[in-house]
Amino acid sequence: MSNTSVLRVDGLSVHVGARALLRDIQFELPAGTCLTLVGESGAGKSLLAQAVMGNLPAGLQARGDVTLQGVRTRAQDGQARRPLWGRALALLPQEPSLALDPLMRIAPQLAEVHHRVVGRSAALARTTALQTLQAVGLGDAASHYPWQVSGGMAQRAAAAMALAGGAQVLLADEPTKGLDRYWQDQTIASLQALMQAGGAVIVITHDLRVARALGGQLMVLKDGAVVEQGDTASVLQAPQHDFTRRLVAADPARWPRRPAPPLGDQVLQATGLRKCFGERVLFDGLDLSLQRGERLVIQGPSGIGKSTLGNVLLGLHPADAGAITRAPGLPMSGLQKLFQDPGASFAPRATLERSLRDVAALHQQPWASVLRTLDKLRLPHTLLRRHPHQVSGGELQRMALARVLLAKPALIFADEPTSRLDPITQQETLDVLLDEAQHINAALLLVTHDEDIARAVHTRMFSPWAASPALLP
Amino acid sequence: MTDVTRNPNRPAAWRQRLGWTVLALVGVFALLGPWLIGIDPARQNLAASLTPPGARHWLGTDLLGRSVLARLAEAAQLSLGLAVLSALSAALPGVALGVTAAWRGGRIERVLVMLADAVMAVPGLLLVLLCAAFAPGSYMALYAGLSLSLWVEYFRMSRAASRPILAGDAVQASRLLGFSPLYVLRRHLLPELAPMLGTLLAFSAAQAVLALAALGFISVGLQPPTPELGLMMIEFLPHYEEAPWLIMAPVSLLMLTVLGMMWLAPERAPA
C-alpha cells in the first residue's frame, strides 16, 4: 500500500510571461504520507497548490505533469483535473471566509456536499452534516451564517466541507491559521486520520510545530525555487541551507523571553464589564487594569471574544454593563489598535504617503520625523508611493505601526498582528513592535493564538475564560 | 502582471470610449446645432409642408413646414439639459441621505428607508405625472418630478455601499487616530462611492431622457410648440407612411442618447 503513489508532480513550473514564479518542482506522495511546504510569504507555496489543483489565475502558464492516482495530466490542463475536485482532490483554501457562501447557513452548505458530491439522499446528507459539525465542535454554530462565527470556527467549517467529499488527496493552505492550540491539534489529528486511511496531504504552513507533528516530507521554498527538500524531522534538526536555518531559528518556540520593563502610570481601569452577542454572554463582571509598560496577553479558545474584549476596552464597541475609566487627560487617540489584516486598515484608494501625511498633519508631527520612524522600522521610503494592496503583509504591519506611533499612544491593542506572516517576517515585525512600545512606554494588549509567542512576550497573562469551563466550546 | 489583469477590461474601456464619442456628438449637436443651422425652429412655412430631406432642410420639414433638423437640435438641448440637471440634483440628496442612514443607523435609518421604499412603491412615471399635473407644461414641475423619482436609487446604492466601509477596519483605524467624520467621508467613503456614482449618473440620466420623451409622447409633458423628442414623435406618427424619415429622426436621436449613456457604464469583468 505504502508504495503506491497517490500524487506525483514532475518538473512543475509556473510562469507569467517570461518570468518564472515557480521553478522545477518535483515530488512524489505515496499513500498515507504528507508533504509540508514552508517558506516566506510570496515564495509560491499557494501557487504550487493552485497548479496541482488546476485553478491557476488566468494568464499564468504551468509546465510539467501532475499524476493523480495513476492518471497523468499536463499541469497546464487544469480542466482535466476538474472532475476530480471534491472526490479525489480537495483544496482547503487560505481564507475560509472567502471559501464559504456568506448567504447560506453552515449546516446546509456542508449537507450540499454530502448530497451533490457524494450522492447521499437529502435527509441523510442533513443528518451526516450535523454529525460532522458536532464532531468538529460546531454543533451550536450549525445554523449560523459564516459571517456570524469567528475566523477559527469558519476555518473548521471549511475543513469539514473540503473533507466531506471523500477526497484522497487534500491540499490544505494554512489549515491551522487562526486556531488555538486545541483546535490546531484537532486539525493535525484529522489530517493524520486522512493519511492513515490511505490518503495523501499537502500542507502549506508557517508553523513549524505543525510540520513536526505531521512528519513526512518537507519542502522549503524561497522565491519560487526549492532550497531544501527531504524528511521533515531531519531537515528541521540539521538544516543545510542558510534560509532554512533562519526559518528554524525564527520559530517562536525558540524565542527568548523578553525582560519586563518597569511599570508606569495606569492607563485604563475597567470594572464589571459585560458584553453579550445576542443570547451568548462573552464576559461578565470582568475587572482589568492596565499600566504603561506592561504587555498583557489575552488568552482563550478561538471565538470566545478576545478581540471583542480589546475593542470594548478601546471604546470601539459599547459595553453592555460596567465602566471603563481612562487615565485623566488621555485623549481618544491615546488608545490605538493594530489589526490582524493591516491591508484592510488603510484607505484602499489612497497612497500610503497620503494616509501617513494625513495622520502627521492631524497630530502636528513634522514629516521628517515620520520618515525617521520609517527608517527605524526599516521601511524603504519608496513604499510610500504605493497603495496598500501593493505592499507585503509584513511591511504593511510595520507601516500600520508607524501610523499608530504618530498618535503617541498610551496603549496599543494588537489583534493577532502577525498571524498572516511567515516566521522570519513575524519575528522581525513583532520585535519592532515590542521595541517601539517599550520606547514610548506604552502598554501593549496582545491577542494571539500562538502560545509560544504569548510565553515569550507577556509580562502578564489574562484569561478570564479559563475559570468558567461552561463557556468553552 | 498588469497585462494579465487589464486584459478582461479592454472591451469595456473600448465601449466606454464609444459611449463618450456618441454623447459628445449629441452634445455638440444640441449645443452648437441651433447656431450652426441658423433656422428658427418655430418658423412655419405652410407652402413647404412635409418636404423630403434636401439641401435647405437636411431632415425635411414637418406638417407646418418647420425645419426638423432645427427642431431636433432644440429638443436635444432640452432633453440633455433636463436629464443631466435632474440626475445631478437627485444624486446630491440621494447620496447624502444614503450615507447619513448608513452612518447614524437606528431610527434615522429606519425612517429614511421607509421613505425611500414609499417612493419606490409609486411608479416613477406616475410621480412625474403627479408633479406635472400641478403645473402642466412647466419645466420646473417636470424637473422636480424627475428628481423626486430618481434620488431613491442613489440613496439605496450609497447606503448599501457605505455600510461595509463604515464597519471596516480602515474607518475604525481612522476614527481611533482621531479623524473627523468629514475625513472619513472624504478619504474613505467618496473614493469608493465615486465609480458607482458615475455608473448610476449615466443610467439615471438615460432614465430621465426616456421619461421626458414618454411624457411628451402621451401629451402630458411639455406642450407644443416646444420642440421635444416625445412631442415630435407623436406629431410625426400620423405621417409615417408618406414621410417615414420624419419619425426616424427623433427616435434615432433618443436611441443614440440613451445608448451612449448606457455605454458609459463600466462593465465589470466577472471575477
# chains A, B, ... in the order shown; residues from 1 in each chain; ligands from 1

$ interface_residues --of "chain A" --to "chain B" --cutoff "7 Å" --atoms "only C-alpha atoms" --output "JSON, numbers by chain"
{"A": [59, 332, 333, 336, 344, 345, 346, 347, 349, 407]}

$ write_last_selection --atoms "C-alpha atoms" --output "mmCIF file, in the first residue's frame"
data_model
loop_
_atom_site.group_PDB
_atom_site.id
_atom_site.type_symbol
_atom_site.label_atom_id
_atom_site.label_comp_id
_atom_site.auth_asym_id
_atom_site.auth_seq_id
_atom_site.Cartn_x
_atom_site.Cartn_y
_atom_site.Cartn_z
ATOM 1 C CA GLY A 59 -2.546 34.472 -17.545
ATOM 2 C CA MET A 332 -9.366 59.198 22.404
ATOM 3 C CA SER A 333 -6.345 58.750 20.156
ATOM 4 C CA GLN A 336 -4.541 52.602 19.289
ATOM 5 C CA ALA A 344 -7.717 46.398 5.348
ATOM 6 C CA SER A 345 -6.832 49.073 7.893
ATOM 7 C CA PHE A 346 -5.653 51.626 5.317
ATOM 8 C CA ALA A 347 -7.908 53.602 2.979
ATOM 9 C CA ARG A 349 -7.659 54.201 -2.722
ATOM 10 C CA ALA A 407 -0.621 59.346 17.697
#

$ residues_around --residues "A:Val312" --least-positions-apart "3" --cutoff "12 Å" --atoms "only C-alpha atoms" --output "MDAnalysis selection string"
chainID A and resid 268 270 273:276 282:283 286 288 305:309 315:324 335 337 413

$ write_last_selection --atoms "N, CA and C atoms" --output "PDB file, in the first residue's frame"
ATOM      1  N   LEU A 268      -5.683  52.589  32.061  1.00  0.00           N
ATOM      2  CA  LEU A 268      -7.077  52.208  31.878  1.00  0.00           C
ATOM      3  C   LEU A 268      -7.502  51.367  33.067  1.00  0.00           C
ATOM      4  N   ALA A 270     -10.916  49.030  34.066  1.00  0.00           N
ATOM      5  CA  ALA A 270     -12.252  48.545  33.711  1.00  0.00           C
ATOM      6  C   ALA A 270     -12.824  47.783  34.885  1.00  0.00           C
ATOM      7  N   LEU A 273     -17.163  44.697  33.581  1.00  0.00           N
ATOM      8  CA  LEU A 273     -17.549  44.724  32.167  1.00  0.00           C
ATOM      9  C   LEU A 273     -18.403  43.522  31.798  1.00  0.00           C
ATOM     10  N   ARG A 274     -19.401  43.789  30.948  1.00  0.00           N
ATOM     11  CA  ARG A 274     -20.264  42.714  30.475  1.00  0.00           C
ATOM     12  C   ARG A 274     -20.540  42.966  29.004  1.00  0.00           C
ATOM     13  N   LYS A 275     -20.468  41.904  28.209  1.00  0.00           N
ATOM     14  CA  LYS A 275     -20.769  42.038  26.780  1.00  0.00           C
ATOM     15  C   LYS A 275     -21.437  40.765  26.290  1.00  0.00           C
ATOM     16  N   CYS A 276     -22.546  40.922  25.582  1.00  0.00           N
ATOM     17  CA  CYS A 276     -23.251  39.761  25.025  1.00  0.00           C
ATOM     18  C   CYS A 276     -23.350  39.906  23.516  1.00  0.00           C
ATOM     19  N   LEU A 282     -20.365  36.917  26.405  1.00  0.00           N
ATOM     20  CA  LEU A 282     -18.934  36.778  26.126  1.00  0.00           C
ATOM     21  C   LEU A 282     -18.125  36.913  27.406  1.00  0.00           C
ATOM     22  N   PHE A 283     -18.443  37.941  28.192  1.00  0.00           N
ATOM     23  CA  PHE A 283     -17.819  38.070  29.503  1.00  0.00           C
ATOM     24  C   PHE A 283     -18.746  38.881  30.391  1.00  0.00           C
ATOM     25  N   LEU A 286     -16.191  41.556  34.513  1.00  0.00           N
ATOM     26  CA  LEU A 286     -14.756  41.479  34.240  1.00  0.00           C
ATOM     27  C   LEU A 286     -14.047  42.743  34.734  1.00  0.00           C
ATOM     28  N   LEU A 288     -10.296  44.741  35.056  1.00  0.00           N
ATOM     29  CA  LEU A 288      -8.968  44.746  34.452  1.00  0.00           C
ATOM     30  C   LEU A 288      -8.373  46.142  34.570  1.00  0.00           C
ATOM     31  N   GLY A 305     -14.178  35.579  22.315  1.00  0.00           N
ATOM     32  CA  GLY A 305     -14.446  37.008  22.494  1.00  0.00           C
ATOM     33  C   GLY A 305     -13.226  37.813  22.882  1.00  0.00           C
ATOM     34  N   LYS A 306     -12.026  37.334  22.516  1.00  0.00           N
ATOM     35  CA  LYS A 306     -10.797  38.043  22.880  1.00  0.00           C
ATOM     36  C   LYS A 306     -10.710  39.387  22.155  1.00  0.00           C
ATOM     37  N   SER A 307     -10.972  39.346  20.837  1.00  0.00           N
ATOM     38  CA  SER A 307     -10.921  40.592  20.067  1.00  0.00           C
ATOM     39  C   SER A 307     -11.984  41.556  20.552  1.00  0.00           C
ATOM     40  N   THR A 308     -13.173  41.017  20.853  1.00  0.00           N
ATOM     41  CA  THR A 308     -14.260  41.877  21.319  1.00  0.00           C
ATOM     42  C   THR A 308     -13.869  42.568  22.615  1.00  0.00           C
ATOM     43  N   LEU A 309     -13.210  41.841  23.508  1.00  0.00           N
ATOM     44  CA  LEU A 309     -12.779  42.447  24.771  1.00  0.00           C
ATOM     45  C   LEU A 309     -11.857  43.630  24.497  1.00  0.00           C
ATOM     46  N   GLY A 315     -13.087  51.237  23.443  1.00  0.00           N
ATOM     47  CA  GLY A 315     -14.255  52.082  23.209  1.00  0.00           C
ATOM     48  C   GLY A 315     -14.812  51.950  21.805  1.00  0.00           C
ATOM     49  N   LEU A 316     -14.371  50.937  21.077  1.00  0.00           N
ATOM     50  CA  LEU A 316     -14.876  50.750  19.713  1.00  0.00           C
ATOM     51  C   LEU A 316     -16.249  50.099  19.724  1.00  0.00           C
ATOM     52  N   HIS A 317     -16.488  49.227  20.707  1.00  0.00           N
ATOM     53  CA  HIS A 317     -17.813  48.649  20.901  1.00  0.00           C
ATOM     54  C   HIS A 317     -18.293  49.078  22.286  1.00  0.00           C
ATOM     55  N   PRO A 318     -19.576  49.380  22.419  1.00  0.00           N
ATOM     56  CA  PRO A 318     -20.074  49.717  23.747  1.00  0.00           C
ATOM     57  C   PRO A 318     -20.166  48.469  24.616  1.00  0.00           C
ATOM     58  N   ALA A 319     -19.880  48.619  25.907  1.00  0.00           N
ATOM     59  CA  ALA A 319     -20.074  47.507  26.840  1.00  0.00           C
ATOM     60  C   ALA A 319     -21.535  47.485  27.255  1.00  0.00           C
ATOM     61  N   ASP A 320     -22.057  46.271  27.540  1.00  0.00           N
ATOM     62  CA  ASP A 320     -23.452  46.184  27.964  1.00  0.00           C
ATOM     63  C   ASP A 320     -23.609  46.627  29.417  1.00  0.00           C
ATOM     64  N   ALA A 321     -22.549  46.455  30.196  1.00  0.00           N
ATOM     65  CA  ALA A 321     -22.583  46.911  31.579  1.00  0.00           C
ATOM     66  C   ALA A 321     -21.146  47.127  32.025  1.00  0.00           C
ATOM     67  N   GLY A 322     -20.982  47.877  33.114  1.00  0.00           N
ATOM     68  CA  GLY A 322     -19.649  48.112  33.633  1.00  0.00           C
ATOM     69  C   GLY A 322     -19.118  49.466  33.201  1.00  0.00           C
ATOM     70  N   ALA A 323     -17.931  49.790  33.681  1.00  0.00           N
ATOM     71  CA  ALA A 323     -17.368  51.107  33.393  1.00  0.00           C
ATOM     72  C   ALA A 323     -15.903  50.979  33.002  1.00  0.00           C
ATOM     73  N   ILE A 324     -15.477  51.843  32.091  1.00  0.00           N
ATOM     74  CA  ILE A 324     -14.072  51.915  31.709  1.00  0.00           C
ATOM     75  C   ILE A 324     -13.600  53.328  32.020  1.00  0.00           C
ATOM     76  N   LEU A 335      -5.417  55.576  22.703  1.00  0.00           N
ATOM     77  CA  LEU A 335      -5.539  54.124  22.617  1.00  0.00           C
ATOM     78  C   LEU A 335      -5.564  53.757  21.139  1.00  0.00           C
ATOM     79  N   LYS A 337      -4.863  50.733  17.823  1.00  0.00           N
ATOM     80  CA  LYS A 337      -5.048  49.318  17.513  1.00  0.00           C
ATOM     81  C   LYS A 337      -4.256  48.928  16.276  1.00  0.00           C
ATOM     82  N   PHE A 413      -3.357  48.123  21.198  1.00  0.00           N
ATOM     83  CA  PHE A 413      -4.051  46.837  21.185  1.00  0.00           C
ATOM     84  C   PHE A 413      -3.699  46.155  19.872  1.00  0.00           C
TER      85      PHE A 413
END

$ select_by_dssp --residues "stretch 142-240 of chain B" --states "alpha helix (DSSP H)" --output "ChimeraX atom specification"
/B:142-167,169-176,181-183,190-217,229-236

$ write_last_selection --atoms "C-alpha atoms" --output "short mmCIF file (atom, residue, chain, number, x, y, z; two decimals), in the first residue's frame"
data_model
loop_
_atom_site.label_atom_id
_atom_site.label_comp_id
_atom_site.auth_asym_id
_atom_site.auth_seq_id
_atom_site.Cartn_x
_atom_site.Cartn_y
_atom_site.Cartn_z
CA LEU B 142 -41.07 68.01 -14.76
CA TYR B 143 -37.63 68.61 -13.31
CA ALA B 144 -38.91 68.30 -9.75
CA GLY B 145 -40.86 65.15 -10.58
CA LEU B 146 -37.86 63.50 -12.25
CA SER B 147 -35.52 64.33 -9.36
CA LEU B 148 -38.06 63.09 -6.83
CA SER B 149 -38.27 59.71 -8.51
CA LEU B 150 -34.53 59.36 -9.21
CA TRP B 151 -32.99 60.08 -5.77
CA VAL B 152 -34.11 56.73 -4.33
CA GLU B 153 -31.61 54.75 -6.38
CA TYR B 154 -28.75 56.95 -5.18
CA PHE B 155 -29.97 56.56 -1.64
CA ARG B 156 -30.17 52.78 -1.78
CA MET B 157 -26.88 52.39 -3.57
CA SER B 158 -24.87 54.68 -1.33
CA ARG B 159 -26.41 53.28 1.84
CA ALA B 160 -25.63 49.70 0.81
CA ALA B 161 -22.09 50.59 -0.28
CA SER B 162 -21.35 52.74 2.78
CA ARG B 163 -22.31 50.19 5.39
CA PRO B 164 -19.42 47.73 4.91
CA ILE B 165 -16.94 50.61 4.51
CA LEU B 166 -18.10 52.27 7.73
CA ALA B 167 -17.95 48.95 9.57
CA ASP B 169 -11.09 48.23 9.78
CA ALA B 170 -9.88 51.22 7.76
CA VAL B 171 -12.60 53.53 9.08
CA GLN B 172 -12.17 52.12 12.59
CA ALA B 173 -8.45 52.91 12.41
CA SER B 174 -9.14 56.44 11.18
CA ARG B 175 -11.61 57.08 13.98
CA LEU B 176 -9.17 55.79 16.58
CA PRO B 181 -16.38 62.34 10.16
CA LEU B 182 -15.61 64.72 7.31
CA TYR B 183 -12.27 62.99 6.81
CA LEU B 190 -16.36 59.16 -1.52
CA PRO B 191 -13.42 57.45 -3.29
CA GLU B 192 -15.28 54.13 -3.02
CA LEU B 193 -18.66 55.56 -3.99
CA ALA B 194 -17.41 57.65 -6.93
CA PRO B 195 -17.12 54.85 -9.54
CA MET B 196 -20.58 53.54 -8.68
CA LEU B 197 -21.97 57.07 -8.77
CA GLY B 198 -20.58 57.58 -12.26
CA THR B 199 -22.40 54.50 -13.50
CA LEU B 200 -25.60 55.45 -11.75
CA LEU B 201 -25.49 59.02 -13.09
CA ALA B 202 -25.32 57.70 -16.64
CA PHE B 203 -28.21 55.32 -16.06
CA SER B 204 -30.47 57.81 -14.34
CA ALA B 205 -29.77 60.45 -16.98
CA ALA B 206 -30.86 57.88 -19.59
CA GLN B 207 -33.93 57.15 -17.49
CA ALA B 208 -34.77 60.85 -17.34
CA VAL B 209 -34.41 61.28 -21.11
CA LEU B 210 -36.75 58.35 -21.67
CA ALA B 211 -39.25 59.56 -19.08
CA LEU B 212 -39.32 63.01 -20.63
CA ALA B 213 -39.93 61.56 -24.09
CA ALA B 214 -42.58 59.19 -22.78
CA LEU B 215 -44.48 62.08 -21.16
CA GLY B 216 -44.24 64.12 -24.33
CA PHE B 217 -45.48 61.14 -26.33
CA LEU B 229 -38.42 64.37 -28.62
CA GLY B 230 -41.62 62.70 -27.41
CA LEU B 231 -43.79 65.52 -28.73
CA MET B 232 -42.07 65.33 -32.11
CA MET B 233 -42.68 61.60 -32.28
CA ILE B 234 -46.41 61.99 -31.64
CA GLU B 235 -46.56 64.84 -34.19
CA PHE B 236 -44.79 62.73 -36.82
#

$ atom_distance --atom1 "atom CA of A:Gly285" --atom2 "atom CA of A:Ile453"
28.0 Å

$ residues_around --residues "A:Ser41" --least-positions-apart "4" --cutoff "10 Å" --atoms "only C-alpha atoms" --output "PyMOL selection string"
chain A and resi 45-46+206+221-223+392-394+420-425

$ write_last_selection --atoms "C-alpha atoms" --output "PDB file, in the first residue's frame"
ATOM      1  CA  LYS A  45       3.528  27.982  -1.884  1.00  0.00           C
ATOM      2  CA  SER A  46      -0.104  28.758  -2.638  1.00  0.00           C
ATOM      3  CA  HIS A 206       4.120  28.912   8.630  1.00  0.00           C
ATOM      4  CA  LEU A 221      10.610  27.276  -0.892  1.00  0.00           C
ATOM      5  CA  LYS A 222      12.247  30.620  -1.485  1.00  0.00           C
ATOM      6  CA  ASP A 223      11.496  32.890  -4.440  1.00  0.00           C
ATOM      7  CA  SER A 392       3.513  42.891   1.504  1.00  0.00           C
ATOM      8  CA  GLY A 393       1.873  41.952   4.799  1.00  0.00           C
ATOM      9  CA  GLY A 394       4.970  42.354   6.973  1.00  0.00           C
ATOM     10  CA  ARG A 420      -0.611  36.213   8.493  1.00  0.00           C
ATOM     11  CA  LEU A 421       3.163  36.486   8.328  1.00  0.00           C
ATOM     12  CA  ASP A 422       5.847  33.880   7.789  1.00  0.00           C
ATOM     13  CA  PRO A 423       8.072  33.110  10.811  1.00  0.00           C
ATOM     14  CA  ILE A 424      11.002  35.301   9.779  1.00  0.00           C
ATOM     15  CA  THR A 425       8.827  38.317   8.996  1.00  0.00           C
TER      16      THR A 425
END

$ residues_around --residues "A:Gly198" --least-positions-apart "5" --cutoff "10 Å" --atoms "only C-alpha atoms" --output "MDAnalysis selection string"
chainID A and resid 1:2 4 6 30:33 168:169 192:193

$ residues_around --residues "A:Leu290" --least-positions-apart "6" --cutoff "12 Å" --atoms "only C-alpha atoms" --output "PDB file with N, CA and C atoms, in the first residue's frame"
ATOM      1  N   LEU A 263       6.952  49.173  35.414  1.00  0.00           N
ATOM      2  CA  LEU A 263       5.586  49.615  35.175  1.00  0.00           C
ATOM      3  C   LEU A 263       5.463  51.116  35.384  1.00  0.00           C
ATOM      4  N   GLY A 264       4.595  51.740  34.575  1.00  0.00           N
ATOM      5  CA  GLY A 264       4.377  53.180  34.694  1.00  0.00           C
ATOM      6  C   GLY A 264       2.995  53.480  35.247  1.00  0.00           C
ATOM      7  N   ASP A 265       2.467  54.659  34.853  1.00  0.00           N
ATOM      8  CA  ASP A 265       1.151  55.081  35.343  1.00  0.00           C
ATOM      9  C   ASP A 265       0.057  54.179  34.788  1.00  0.00           C
ATOM     10  N   GLN A 266      -1.074  54.264  35.461  1.00  0.00           N
ATOM     11  CA  GLN A 266      -2.213  53.500  34.973  1.00  0.00           C
ATOM     12  C   GLN A 266      -2.793  54.168  33.714  1.00  0.00           C
ATOM     13  N   VAL A 267      -3.174  53.325  32.746  1.00  0.00           N
ATOM     14  CA  VAL A 267      -3.730  53.840  31.501  1.00  0.00           C
ATOM     15  C   VAL A 267      -5.240  53.709  31.516  1.00  0.00           C
ATOM     16  N   LEU A 268      -5.683  52.589  32.061  1.00  0.00           N
ATOM     17  CA  LEU A 268      -7.077  52.208  31.878  1.00  0.00           C
ATOM     18  C   LEU A 268      -7.502  51.367  33.067  1.00  0.00           C
ATOM     19  N   GLN A 269      -8.735  51.558  33.474  1.00  0.00           N
ATOM     20  CA  GLN A 269      -9.272  50.732  34.552  1.00  0.00           C
ATOM     21  C   GLN A 269     -10.685  50.330  34.162  1.00  0.00           C
ATOM     22  N   ALA A 270     -10.916  49.030  34.066  1.00  0.00           N
ATOM     23  CA  ALA A 270     -12.252  48.545  33.711  1.00  0.00           C
ATOM     24  C   ALA A 270     -12.824  47.783  34.885  1.00  0.00           C
ATOM     25  N   THR A 271     -14.094  48.033  35.178  1.00  0.00           N
ATOM     26  CA  THR A 271     -14.730  47.306  36.287  1.00  0.00           C
ATOM     27  C   THR A 271     -16.088  46.781  35.843  1.00  0.00           C
ATOM     28  N   LEU A 296       0.232  42.777  28.188  1.00  0.00           N
ATOM     29  CA  LEU A 296      -0.807  41.861  28.624  1.00  0.00           C
ATOM     30  C   LEU A 296      -1.241  41.002  27.446  1.00  0.00           C
ATOM     31  N   VAL A 297      -1.169  39.693  27.612  1.00  0.00           N
ATOM     32  CA  VAL A 297      -1.612  38.792  26.552  1.00  0.00           C
ATOM     33  C   VAL A 297      -2.969  38.219  26.946  1.00  0.00           C
ATOM     34  N   GLY A 310     -10.895  43.430  23.588  1.00  0.00           N
ATOM     35  CA  GLY A 310      -9.992  44.522  23.238  1.00  0.00           C
ATOM     36  C   GLY A 310     -10.745  45.712  22.671  1.00  0.00           C
ATOM     37  N   LEU A 313     -12.545  47.590  25.369  1.00  0.00           N
ATOM     38  CA  LEU A 313     -11.621  48.388  26.176  1.00  0.00           C
ATOM     39  C   LEU A 313     -11.224  49.670  25.452  1.00  0.00           C
ATOM     40  N   LEU A 314     -11.112  49.588  24.110  1.00  0.00           N
ATOM     41  CA  LEU A 314     -10.721  50.763  23.341  1.00  0.00           C
ATOM     42  C   LEU A 314     -11.894  51.704  23.092  1.00  0.00           C
ATOM     43  N   ILE A 324     -15.477  51.843  32.091  1.00  0.00           N
ATOM     44  CA  ILE A 324     -14.072  51.915  31.709  1.00  0.00           C
ATOM     45  C   ILE A 324     -13.600  53.328  32.020  1.00  0.00           C
ATOM     46  N   THR A 325     -12.610  53.421  32.869  1.00  0.00           N
ATOM     47  CA  THR A 325     -12.077  54.737  33.218  1.00  0.00           C
ATOM     48  C   THR A 325     -10.704  54.880  32.596  1.00  0.00           C
ATOM     49  N   ARG A 326     -10.517  55.949  31.832  1.00  0.00           N
ATOM     50  CA  ARG A 326      -9.208  56.207  31.256  1.00  0.00           C
ATOM     51  C   ARG A 326      -8.418  57.113  32.182  1.00  0.00           C
ATOM     52  N   ALA A 327      -7.118  57.062  32.015  1.00  0.00           N
ATOM     53  CA  ALA A 327      -6.277  57.977  32.784  1.00  0.00           C
ATOM     54  C   ALA A 327      -6.697  59.394  32.459  1.00  0.00           C
ATOM     55  N   LEU A 335      -5.417  55.576  22.703  1.00  0.00           N
ATOM     56  CA  LEU A 335      -5.539  54.124  22.617  1.00  0.00           C
ATOM     57  C   LEU A 335      -5.564  53.757  21.139  1.00  0.00           C
ATOM     58  N   ALA A 410      -0.845  55.598  24.495  1.00  0.00           N
ATOM     59  CA  ALA A 410      -0.501  55.079  25.810  1.00  0.00           C
ATOM     60  C   ALA A 410      -0.776  53.584  25.867  1.00  0.00           C
ATOM     61  N   LEU A 411      -1.596  53.115  24.915  1.00  0.00           N
ATOM     62  CA  LEU A 411      -1.938  51.699  24.857  1.00  0.00           C
ATOM     63  C   LEU A 411      -2.052  51.286  23.396  1.00  0.00           C
ATOM     64  N   ILE A 412      -1.399  50.179  23.041  1.00  0.00           N
ATOM     65  CA  ILE A 412      -1.549  49.616  21.698  1.00  0.00           C
ATOM     66  C   ILE A 412      -2.206  48.260  21.837  1.00  0.00           C
ATOM     67  N   PHE A 413      -3.357  48.123  21.198  1.00  0.00           N
ATOM     68  CA  PHE A 413      -4.051  46.837  21.185  1.00  0.00           C
ATOM     69  C   PHE A 413      -3.699  46.155  19.872  1.00  0.00           C
ATOM     70  N   ALA A 442       4.470  52.525  26.218  1.00  0.00           N
ATOM     71  CA  ALA A 442       3.038  52.272  26.070  1.00  0.00           C
ATOM     72  C   ALA A 442       2.725  50.886  26.622  1.00  0.00           C
ATOM     73  N   ALA A 443       1.478  50.729  27.050  1.00  0.00           N
ATOM     74  CA  ALA A 443       1.020  49.396  27.420  1.00  0.00           C
ATOM     75  C   ALA A 443       0.677  48.646  26.137  1.00  0.00           C
ATOM     76  N   LEU A 444       0.900  47.336  26.146  1.00  0.00           N
ATOM     77  CA  LEU A 444       0.578  46.537  24.962  1.00  0.00           C
ATOM     78  C   LEU A 444      -0.447  45.485  25.355  1.00  0.00           C
ATOM     79  N   LEU A 445      -1.517  45.435  24.578  1.00  0.00           N
ATOM     80  CA  LEU A 445      -2.561  44.447  24.795  1.00  0.00           C
ATOM     81  C   LEU A 445      -2.506  43.533  23.582  1.00  0.00           C
ATOM     82  N   THR A 459       4.136  40.060  29.946  1.00  0.00           N
ATOM     83  CA  THR A 459       4.536  40.331  31.320  1.00  0.00           C
ATOM     84  C   THR A 459       3.406  39.894  32.242  1.00  0.00           C
ATOM     85  N   ARG A 460       2.204  39.756  31.636  1.00  0.00           N
ATOM     86  CA  ARG A 460       1.051  39.295  32.395  1.00  0.00           C
ATOM     87  C   ARG A 460       0.125  38.567  31.424  1.00  0.00           C
ATOM     88  N   MET A 461      -0.375  37.409  31.855  1.00  0.00           N
ATOM     89  CA  MET A 461      -1.358  36.685  31.053  1.00  0.00           C
ATOM     90  C   MET A 461      -2.729  37.005  31.610  1.00  0.00           C
ATOM     91  N   PHE A 462      -3.711  37.109  30.733  1.00  0.00           N
ATOM     92  CA  PHE A 462      -5.059  37.392  31.185  1.00  0.00           C
ATOM     93  C   PHE A 462      -6.011  36.432  30.484  1.00  0.00           C
TER      94      PHE A 462
END

$ residues_around --residues "B:Glu228" --least-positions-apart "4" --cutoff "8 Å" --atoms "only C-alpha atoms" --output "list in words"
Arg71, Leu72, Glu74, Ala75, Ala76, Leu78, Ser79, Ala213, Gly216, Leu222 and Met232 of chain B

$ closest_residue --among "B:Ala73, B:Val111, B:Ala48, B:Val122" --to "B:Gly33" --atoms "only C-alpha atoms"
B:Ala73

$ atom_distance --atom1 "atom CA of A:Asp65" --atom2 "atom CA of A:Ala20"
16.6 Å

$ atom_distance --atom1 "atom CA of B:Val113" --atom2 "atom CA of B:Gly94"
11.5 Å

$ closest_residue --among "B:Ile37, B:Ala55, B:Met140, B:Ala101" --to "B:Leu115" --atoms "only C-alpha atoms"
B:Ala101

$ residues_around --residues "B:Leu112" --least-positions-apart "3" --cutoff "9 Å" --atoms "only C-alpha atoms" --output "list of chain:residue names"
B:Leu97, B:Gly98, B:Ala101, B:Arg107, B:Ile108, B:Glu109, B:Leu115, B:Ala116, B:Asp117, B:Phe155

$ decode --residues "stretch 200-205 of chain B" --atoms "N, CA and C atoms" --output "mmCIF file, in the first residue's frame"
data_model
loop_
_atom_site.group_PDB
_atom_site.id
_atom_site.type_symbol
_atom_site.label_atom_id
_atom_site.label_comp_id
_atom_site.auth_asym_id
_atom_site.auth_seq_id
_atom_site.Cartn_x
_atom_site.Cartn_y
_atom_site.Cartn_z
ATOM 1 N N LEU B 200 -24.203 55.170 -12.055
ATOM 2 C CA LEU B 200 -25.601 55.454 -11.746
ATOM 3 C C LEU B 200 -26.053 56.757 -12.405
ATOM 4 N N LEU B 201 -25.149 57.750 -12.454
ATOM 5 C CA LEU B 201 -25.488 59.022 -13.090
ATOM 6 C C LEU B 201 -25.864 58.800 -14.548
ATOM 7 N N ALA B 202 -25.045 57.974 -15.230
ATOM 8 C CA ALA B 202 -25.319 57.703 -16.642
ATOM 9 C C ALA B 202 -26.676 57.034 -16.800
ATOM 10 N N PHE B 203 -26.940 56.053 -15.941
ATOM 11 C CA PHE B 203 -28.206 55.319 -16.064
ATOM 12 C C PHE B 203 -29.398 56.217 -15.753
ATOM 13 N N SER B 204 -29.281 57.037 -14.705
ATOM 14 C CA SER B 204 -30.467 57.810 -14.343
ATOM 15 C C SER B 204 -30.668 58.954 -15.322
ATOM 16 N N ALA B 205 -29.576 59.448 -15.944
ATOM 17 C CA ALA B 205 -29.773 60.453 -16.982
ATOM 18 C C ALA B 205 -30.530 59.819 -18.152
#
